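The structure appears right after this line, and notes come after that.
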Number of protein chains: 2
Amino acid sequence: MKQLIEQVNKHLDEYMQIVYPEDIFKAMKYTLMLPGKRLRPVMCLETARILGADIEKAFPTACAIEMLHVQSLIHDDLPCMDNDDFRRGKPSNHKVFGEANAVLAGDALLTFAPQLIIEQSKSLTSEQIVKIIHEYTKFAGAYGLIAGQVVDIESEGGKLIKSPEDTLDFIHMNKTAVLFRLALRTGAIIANASEEIIEKFDIFAKKFGLAFQIYDDIMDEISSFEELGKTIGKDKNSGKLTYVSLYGLENAKQKFKNLIQECYDIIDNYDSKIFKEILDKLNNRIGSV
Amino acid sequence: MKQLIEQVNKHLDEYMQIVYPEDIFKAMKYTLMLPGKRLRPVMCLETARILGADIEKAFPTACAIEMLHVQSLIHDDLPCMDNDDFRRGKPSNHKVFGEANAVLAGDALLTFAPQLIIEQSKSLTSEQIVKIIHEYTKFAGAYGLIAGQVVDIESEGGKLIKSPEDTLDFIHMNKTAVLFRLALRTGAIIANASEEIIEKFDIFAKKFGLAFQIYDDIMDEISSFEELGKTIGKDKNSGKLTYVSLYGLENAKQKFKNLIQECYDIIDNYDSKIFKEILDKLNNRIGSV
């Protein structure tokens, strides 16, 4: 896992060259290179590998997904959105480069990611590239990430879909699960997997994404700033809709455990140390709180 | 021309369906459907046509380019950028939907545009789609539009490349000309044109883009709010770098006329009423001021 993360970091660093006008590339690279768990690219690479592809083929797509993730973080942190001063333990993008550059750095990452897939995926067919970019555009936009962010902002103003439960599910399916879905679906496409296999990994990604968000909500409730590297307790203080605020800590933990178990059941059919390591880590952490 | 603009508007309206969460799609559609000259999509369609393609094939790409253009307008108007309250004679996006939604509407347009190209271009090959999206991502991002916007903002703070002349050329080549280059290059790709022909249309687009920006600078100097539909005289008042401020009105007009003549020289080899109509309109307008 650690080795794979290092490989992702190395590729991200290589792909993101600083050229003129340097300021915008520096802003893009700043948040991108902050130490992160690189979960989404790692899971994309591992999906491609266990389904039979050479993982070298998957690095451009895996790194593009991390760029999309970072783009969403940069824009979410803006003063007009969540107004967050810290990200991954460091000042957020607009605190370092100013608001205008943070907006533009996010915009630039959003189109650099598919550009990277096209330029660096020489061993994929045009059909595969079109499929991958189609997944990317659907999940990145108003049918995915953006939908989640919009409904999240509106829910803070009291606007709900039907119930708070439906609203929360919609937000997290779109804000969190879509990036895991994108990672696993594109990993499977790179391995030329059948529709049936892609769907199986998609189900895993939805369950994992939801579990991951519940994990995040629980950690936000109980952890300290030093551990998470971002402003915490914010959700609680703002009366924000979370799994913990809605279901209570014990029910949230149970919901998390059920989902993680379903993930084990799917992935046990494959020989994947990486997926098991990821599930174990989250599971053990929740087991100890 | 008028008929073609109507067809573009009809396609934009059809492509941009309002679905849940409606607020974001409404924000995207608001600025998109404000009456505009639709120059970029029209020129994409006309390039495809005069190079032998059925223009029906080109509507998704043409409309995607208009979406990219509108995205850049929405983000440029934000308070942290140009802070402009009006666009195409109406309140700008963030004045109607708020800053957060304006940022997100721009983000969503940026990925909806290539999504549209993939979903609606059934008669293009995967190779053509990859080529078109490659052009899109290069020109939309930090190697194109965003580079222009960054250097523009920095030049207002007094930071120049080498000379004011070099800086201004860089800004307008990237902020303005790239969208025309994208329109003509993709139109040619849709018609399966050779590299040589693509390059010829690219040269036209660079010259036209520069001429169009000089036209804009001249109009900003001399027109009224009612004519342009945006806050004008702003460039002059802010001491902003423009062709008029740098070269004087007469020299700017001469530079415009030379570029437009070079455009006529290229396009006279083709049977295109539309291109001639566009060149004539700009030319006559400058001739009368």
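How things are named: the first chain in the structure tokens is A, the next is B, and so on; residues count from 1 in each chain; ligands count from 1 in the order shown.
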Tell me the residues of chain A close to chain B, meaning within 7 Å using only C-alpha atoms, as number ranges by chain. A: 21, 80-81, 99-100, 104, 107-108, 111-112, 114-115, 118, 126-127, 130, 134, 137-138, 140-142, 146-147
What lies within 10 Å of Leu4 of chain A using only C-alpha atoms, ignoring chain neighbours under 2 positions off, as a VMD selection string? chain A and resid 1 to 2 6 to 10 38 41 to 42 45 to 46 274
Go ahead and dump the residues you just picked, C-alpha atoms, as a JSON list (two decimals), in the first residue's frame.
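And here's out_1.json as it stands now:
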```
[["chain", "number", "residue", "atom", "x", "y", "z"],
["A", 1, "MET", "CA", 0.00, 0.00, 0.00],
["A", 2, "LYS", "CA", 2.72, 2.43, 1.04],
["A", 6, "GLU", "CA", 4.61, 6.52, -3.41],
["A", 7, "GLN", "CA", 4.19, 5.48, -7.04],
["A", 8, "VAL", "CA", 1.03, 7.59, -7.29],
["A", 9, "ASN", "CA", 2.87, 10.59, -5.81],
["A", 10, "LYS", "CA", 5.75, 10.11, -8.22],
["A", 38, "ARG", "CA", -4.45, 8.57, -2.34],
["A", 41, "PRO", "CA", -6.06, 6.31, -7.37],
["A", 42, "VAL", "CA", -4.84, 3.31, -5.36],
["A", 45, "LEU", "CA", -4.92, 0.81, -9.90],
["A", 46, "GLU", "CA", -5.80, -2.20, -7.75],
["A", 274, "ILE", "CA", -4.69, -3.76, -0.96]]
```
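Inside segment 14-247 of chain B, the residues DSSP reads as strand (DSSP E) when given the backbone are Phe86, Arg87, Lys90 and Pro91 of chain B.
Atom CA of Lys57 of chain A lies 27.0 Å from atom CA of Ile189 of chain B.
Note that the spacing between atom CA of Tyr15 of chain B and atom CA of Leu34 of chain B amounts to 15.3 Å.
Atom pair atom CA of Asp271 of chain A / atom CA of Asn192 of chain A: separated by 18.2 Å.
With only C-alpha atoms as the atoms that count, the residue of A:Gly248, A:Pro60, A:Gly89, A:Gly52 with the shortest distance to Lys122 of chain A is A:Pro60.
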Where in segment 102-213 of chain A does DSSP assign helix (DSSP H, G or I), given as JSON, numbers by chain? {"A": [102, 103, 104, 105, 106, 107, 108, 109, 110, 111, 112, 113, 114, 115, 116, 117, 118, 119, 120, 126, 127, 128, 129, 130, 131, 132, 133, 134, 135, 136, 137, 138, 139, 140, 145, 146, 147, 148, 149, 150, 151, 152, 153, 154, 155, 156, 164, 165, 166, 167, 168, 169, 170, 171, 172, 173, 174, 175, 176, 177, 178, 179, 180, 181, 182, 183, 184, 185, 186, 187, 188, 189, 190, 195, 196, 197, 198, 199, 200, 201, 202, 203, 204, 205, 206, 207, 208, 209, 210, 211, 212, 213]}
Keeping only C-alpha atoms, write the selected residues to a file as a PDB file, in the first residue's frame.
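Result written to selection.pdb:
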```
ATOM      1  CA  ALA A 102      -7.998  29.029  -6.420  1.00  0.00           C
ATOM      2  CA  VAL A 103     -11.077  29.195  -8.660  1.00  0.00           C
ATOM      3  CA  LEU A 104      -8.866  29.037 -11.765  1.00  0.00           C
ATOM      4  CA  ALA A 105      -6.647  26.257 -10.380  1.00  0.00           C
ATOM      5  CA  GLY A 106      -9.769  24.160  -9.800  1.00  0.00           C
ATOM      6  CA  ASP A 107     -11.045  24.903 -13.311  1.00  0.00           C
ATOM      7  CA  ALA A 108      -7.674  24.015 -14.781  1.00  0.00           C
ATOM      8  CA  LEU A 109      -7.479  20.693 -12.891  1.00  0.00           C
ATOM      9  CA  LEU A 110     -10.955  19.794 -14.122  1.00  0.00           C
ATOM     10  CA  THR A 111      -9.823  19.858 -17.754  1.00  0.00           C
ATOM     11  CA  PHE A 112      -6.191  18.821 -17.178  1.00  0.00           C
ATOM     12  CA  ALA A 113      -7.389  15.473 -15.795  1.00  0.00           C
ATOM     13  CA  PRO A 114      -9.008  14.241 -19.059  1.00  0.00           C
ATOM     14  CA  GLN A 115      -6.172  15.852 -21.060  1.00  0.00           C
ATOM     15  CA  LEU A 116      -3.751  13.684 -19.069  1.00  0.00           C
ATOM     16  CA  ILE A 117      -5.809  10.546 -19.730  1.00  0.00           C
ATOM     17  CA  ILE A 118      -5.721  11.232 -23.473  1.00  0.00           C
ATOM     18  CA  GLU A 119      -2.025  12.163 -23.674  1.00  0.00           C
ATOM     19  CA  GLN A 120      -0.599   9.460 -21.409  1.00  0.00           C
ATOM     20  CA  SER A 126      -9.822   5.129 -28.412  1.00  0.00           C
ATOM     21  CA  GLU A 127     -12.973   3.237 -27.383  1.00  0.00           C
ATOM     22  CA  GLN A 128     -11.584   2.736 -23.872  1.00  0.00           C
ATOM     23  CA  ILE A 129     -10.530   6.391 -23.612  1.00  0.00           C
ATOM     24  CA  VAL A 130     -13.988   7.585 -24.688  1.00  0.00           C
ATOM     25  CA  LYS A 131     -15.608   5.284 -22.098  1.00  0.00           C
ATOM     26  CA  ILE A 132     -13.271   6.474 -19.330  1.00  0.00           C
ATOM     27  CA  ILE A 133     -13.797  10.155 -20.127  1.00  0.00           C
ATOM     28  CA  HIS A 134     -17.540   9.614 -20.335  1.00  0.00           C
ATOM     29  CA  GLU A 135     -17.508   8.182 -16.803  1.00  0.00           C
ATOM     30  CA  TYR A 136     -15.302  11.084 -15.705  1.00  0.00           C
ATOM     31  CA  THR A 137     -17.588  13.788 -17.116  1.00  0.00           C
ATOM     32  CA  LYS A 138     -20.765  12.224 -15.701  1.00  0.00           C
ATOM     33  CA  PHE A 139     -19.393  11.780 -12.193  1.00  0.00           C
ATOM     34  CA  ALA A 140     -17.530  15.127 -12.090  1.00  0.00           C
ATOM     35  CA  LEU A 145     -20.081  15.587  -7.527  1.00  0.00           C
ATOM     36  CA  ILE A 146     -21.682  18.974  -8.212  1.00  0.00           C
ATOM     37  CA  ALA A 147     -25.180  17.627  -7.502  1.00  0.00           C
ATOM     38  CA  GLY A 148     -23.923  16.399  -4.131  1.00  0.00           C
ATOM     39  CA  GLN A 149     -22.335  19.738  -3.281  1.00  0.00           C
ATOM     40  CA  VAL A 150     -25.445  21.716  -4.318  1.00  0.00           C
ATOM     41  CA  VAL A 151     -27.834  19.582  -2.264  1.00  0.00           C
ATOM     42  CA  ASP A 152     -25.369  19.724   0.648  1.00  0.00           C
ATOM     43  CA  ILE A 153     -25.341  23.537   0.599  1.00  0.00           C
ATOM     44  CA  GLU A 154     -29.142  23.678   0.242  1.00  0.00           C
ATOM     45  CA  SER A 155     -29.667  21.227   3.105  1.00  0.00           C
ATOM     46  CA  GLU A 156     -27.724  23.571   5.375  1.00  0.00           C
ATOM     47  CA  PRO A 164     -33.352  14.191   6.178  1.00  0.00           C
ATOM     48  CA  GLU A 165     -32.414  10.530   5.580  1.00  0.00           C
ATOM     49  CA  ASP A 166     -33.041  10.727   1.823  1.00  0.00           C
ATOM     50  CA  THR A 167     -31.190  14.004   1.623  1.00  0.00           C
ATOM     51  CA  LEU A 168     -28.155  12.668   3.463  1.00  0.00           C
ATOM     52  CA  ASP A 169     -28.043   9.554   1.282  1.00  0.00           C
ATOM     53  CA  PHE A 170     -28.219  11.675  -1.866  1.00  0.00           C
ATOM     54  CA  ILE A 171     -25.449  14.008  -0.685  1.00  0.00           C
ATOM     55  CA  HIS A 172     -23.049  11.254   0.257  1.00  0.00           C
ATOM     56  CA  MET A 173     -23.802   9.063  -2.725  1.00  0.00           C
ATOM     57  CA  ASN A 174     -22.898  12.048  -4.895  1.00  0.00           C
ATOM     58  CA  LYS A 175     -20.258  13.916  -2.902  1.00  0.00           C
ATOM     59  CA  THR A 176     -18.351  10.866  -1.716  1.00  0.00           C
ATOM     60  CA  ALA A 177     -19.308   7.604  -3.418  1.00  0.00           C
ATOM     61  CA  VAL A 178     -19.052   8.877  -7.018  1.00  0.00           C
ATOM     62  CA  LEU A 179     -15.281   9.256  -6.863  1.00  0.00           C
ATOM     63  CA  PHE A 180     -14.901   5.650  -5.682  1.00  0.00           C
ATOM     64  CA  ARG A 181     -17.348   4.549  -8.369  1.00  0.00           C
ATOM     65  CA  LEU A 182     -15.302   6.434 -10.954  1.00  0.00           C
ATOM     66  CA  ALA A 183     -12.074   4.844  -9.672  1.00  0.00           C
ATOM     67  CA  LEU A 184     -13.383   1.275  -9.743  1.00  0.00           C
ATOM     68  CA  ARG A 185     -15.399   1.542 -12.962  1.00  0.00           C
ATOM     69  CA  THR A 186     -12.487   3.050 -14.910  1.00  0.00           C
ATOM     70  CA  GLY A 187     -10.066   0.509 -13.410  1.00  0.00           C
ATOM     71  CA  ALA A 188     -12.358  -2.226 -14.723  1.00  0.00           C
ATOM     72  CA  ILE A 189     -12.637  -0.537 -18.152  1.00  0.00           C
ATOM     73  CA  ILE A 190      -8.834  -0.404 -18.401  1.00  0.00           C
ATOM     74  CA  GLU A 195     -20.404  -5.005 -18.014  1.00  0.00           C
ATOM     75  CA  GLU A 196     -21.300  -7.546 -15.348  1.00  0.00           C
ATOM     76  CA  ILE A 197     -17.925  -7.188 -13.621  1.00  0.00           C
ATOM     77  CA  ILE A 198     -18.030  -3.389 -13.922  1.00  0.00           C
ATOM     78  CA  GLU A 199     -21.434  -3.453 -12.192  1.00  0.00           C
ATOM     79  CA  LYS A 200     -20.119  -5.694  -9.421  1.00  0.00           C
ATOM     80  CA  PHE A 201     -17.282  -3.281  -8.690  1.00  0.00           C
ATOM     81  CA  ASP A 202     -19.753  -0.408  -8.918  1.00  0.00           C
ATOM     82  CA  ILE A 203     -21.844  -1.978  -6.149  1.00  0.00           C
ATOM     83  CA  PHE A 204     -18.700  -2.370  -4.047  1.00  0.00           C
ATOM     84  CA  ALA A 205     -17.820   1.306  -4.665  1.00  0.00           C
ATOM     85  CA  LYS A 206     -21.274   2.548  -3.618  1.00  0.00           C
ATOM     86  CA  LYS A 207     -21.180   0.568  -0.381  1.00  0.00           C
ATOM     87  CA  PHE A 208     -17.579   1.540   0.293  1.00  0.00           C
ATOM     88  CA  GLY A 209     -18.276   5.207  -0.447  1.00  0.00           C
ATOM     89  CA  LEU A 210     -21.158   5.297   1.995  1.00  0.00           C
ATOM     90  CA  ALA A 211     -19.118   3.467   4.656  1.00  0.00           C
ATOM     91  CA  PHE A 212     -16.234   5.872   4.098  1.00  0.00           C
ATOM     92  CA  GLN A 213     -18.513   8.878   4.605  1.00  0.00           C
TER      93      GLN A 213
END
```
Write out as a PyMOL selection string each polymer residue whose atoms come within 12 Å of Lys257 of chain B, counting only C-alpha atoms; drop sequence neighbours fewer than 3 positions from it. chain B and resi 207-208+210-212+214-215+250-254+260-264+279-280+282-287
I need the residues from that last selection saved to file as a CSV table (one decimal), in the first residue's frame (with N, CA and C atoms), if you can.
```
chain,number,residue,atom,x,y,z
B,207,LYS,N,-5.8,34.8,-36.4
B,207,LYS,CA,-5.9,36.1,-36.9
B,207,LYS,C,-7.3,36.7,-36.5
B,208,PHE,N,-8.3,35.9,-36.7
B,208,PHE,CA,-9.7,36.4,-36.5
B,208,PHE,C,-9.8,36.7,-35.0
B,210,LEU,N,-7.6,37.6,-32.8
B,210,LEU,CA,-6.9,38.8,-32.4
B,210,LEU,C,-7.7,40.0,-32.9
B,211,ALA,N,-8.2,40.0,-34.2
B,211,ALA,CA,-9.0,41.0,-34.8
B,211,ALA,C,-10.2,41.3,-33.9
B,212,PHE,N,-10.9,40.2,-33.5
B,212,PHE,CA,-12.1,40.3,-32.7
B,212,PHE,C,-11.8,41.0,-31.4
B,214,ILE,N,-9.4,43.1,-30.8
B,214,ILE,CA,-9.1,44.6,-31.0
B,214,ILE,C,-10.5,45.3,-31.3
B,215,TYR,N,-11.3,44.6,-32.0
B,215,TYR,CA,-12.7,45.2,-32.2
B,215,TYR,C,-13.4,45.4,-30.9
B,250,GLU,N,-6.3,54.9,-33.7
B,250,GLU,CA,-6.0,54.8,-35.1
B,250,GLU,C,-5.2,53.6,-35.5
B,251,ASN,N,-4.1,53.4,-34.7
B,251,ASN,CA,-3.3,52.2,-34.9
B,251,ASN,C,-4.0,50.9,-34.7
B,252,ALA,N,-4.8,50.9,-33.6
B,252,ALA,CA,-5.6,49.7,-33.3
B,252,ALA,C,-6.5,49.4,-34.5
B,253,LYS,N,-7.2,50.4,-35.1
B,253,LYS,CA,-8.1,50.2,-36.2
B,253,LYS,C,-7.3,49.7,-37.4
B,254,GLN,N,-6.1,50.2,-37.6
B,254,GLN,CA,-5.3,49.7,-38.7
B,254,GLN,C,-4.9,48.2,-38.5
B,260,ILE,N,-8.1,41.5,-40.5
B,260,ILE,CA,-9.4,41.1,-41.2
B,260,ILE,C,-9.1,40.8,-42.7
B,261,GLN,N,-8.3,41.6,-43.3
B,261,GLN,CA,-7.9,41.4,-44.7
B,261,GLN,C,-7.3,40.0,-44.9
B,262,GLU,N,-6.4,39.7,-44.0
B,262,GLU,CA,-5.7,38.4,-44.0
B,262,GLU,C,-6.7,37.2,-43.9
B,263,CYS,N,-7.7,37.5,-43.1
B,263,CYS,CA,-8.8,36.5,-42.9
B,263,CYS,C,-9.6,36.3,-44.2
B,264,TYR,N,-9.9,37.5,-44.9
B,264,TYR,CA,-10.6,37.4,-46.2
B,264,TYR,C,-9.8,36.6,-47.2
B,279,LEU,N,-17.1,38.5,-41.2
B,279,LEU,CA,-16.0,39.5,-41.4
B,279,LEU,C,-16.5,40.9,-41.9
B,280,ASP,N,-17.5,40.9,-42.8
B,280,ASP,CA,-18.1,42.1,-43.2
B,280,ASP,C,-18.7,42.9,-42.1
B,282,LEU,N,-18.0,42.9,-38.8
B,282,LEU,CA,-17.0,43.6,-38.0
B,282,LEU,C,-16.3,44.7,-38.7
B,283,ASN,N,-16.0,44.4,-40.0
B,283,ASN,CA,-15.2,45.4,-40.8
B,283,ASN,C,-16.0,46.7,-41.0
B,284,ASN,N,-17.3,46.5,-41.4
B,284,ASN,CA,-18.2,47.7,-41.6
B,284,ASN,C,-18.3,48.5,-40.3
B,285,ARG,N,-18.5,47.8,-39.2
B,285,ARG,CA,-18.7,48.5,-37.9
B,285,ARG,C,-17.5,49.4,-37.6
B,286,ILE,N,-16.3,48.8,-37.8
B,286,ILE,CA,-15.1,49.5,-37.5
B,286,ILE,C,-14.9,50.7,-38.5
B,287,GLY,N,-15.2,50.4,-39.7
B,287,GLY,CA,-15.1,51.4,-40.8
B,287,GLY,C,-15.9,52.7,-40.5
```
Give me, as a tab-separated table (two decimals) with C-alpha atoms, in the first residue's frame, all polymer residues having an atom no more than 9 Å from Leu39 of chain A, counting only C-alpha atoms and skipping those fewer than 5 positions away in the same chain.
```
chain	number	residue	atom	x	y	z
A	5	ILE	CA	1.01	5.53	-2.68
A	44	CYS	CA	-8.35	2.38	-9.42
A	66	GLU	CA	-6.99	12.30	-7.74
A	180	PHE	CA	-14.90	5.65	-5.68
A	278	ILE	CA	-8.04	-0.57	3.23
```
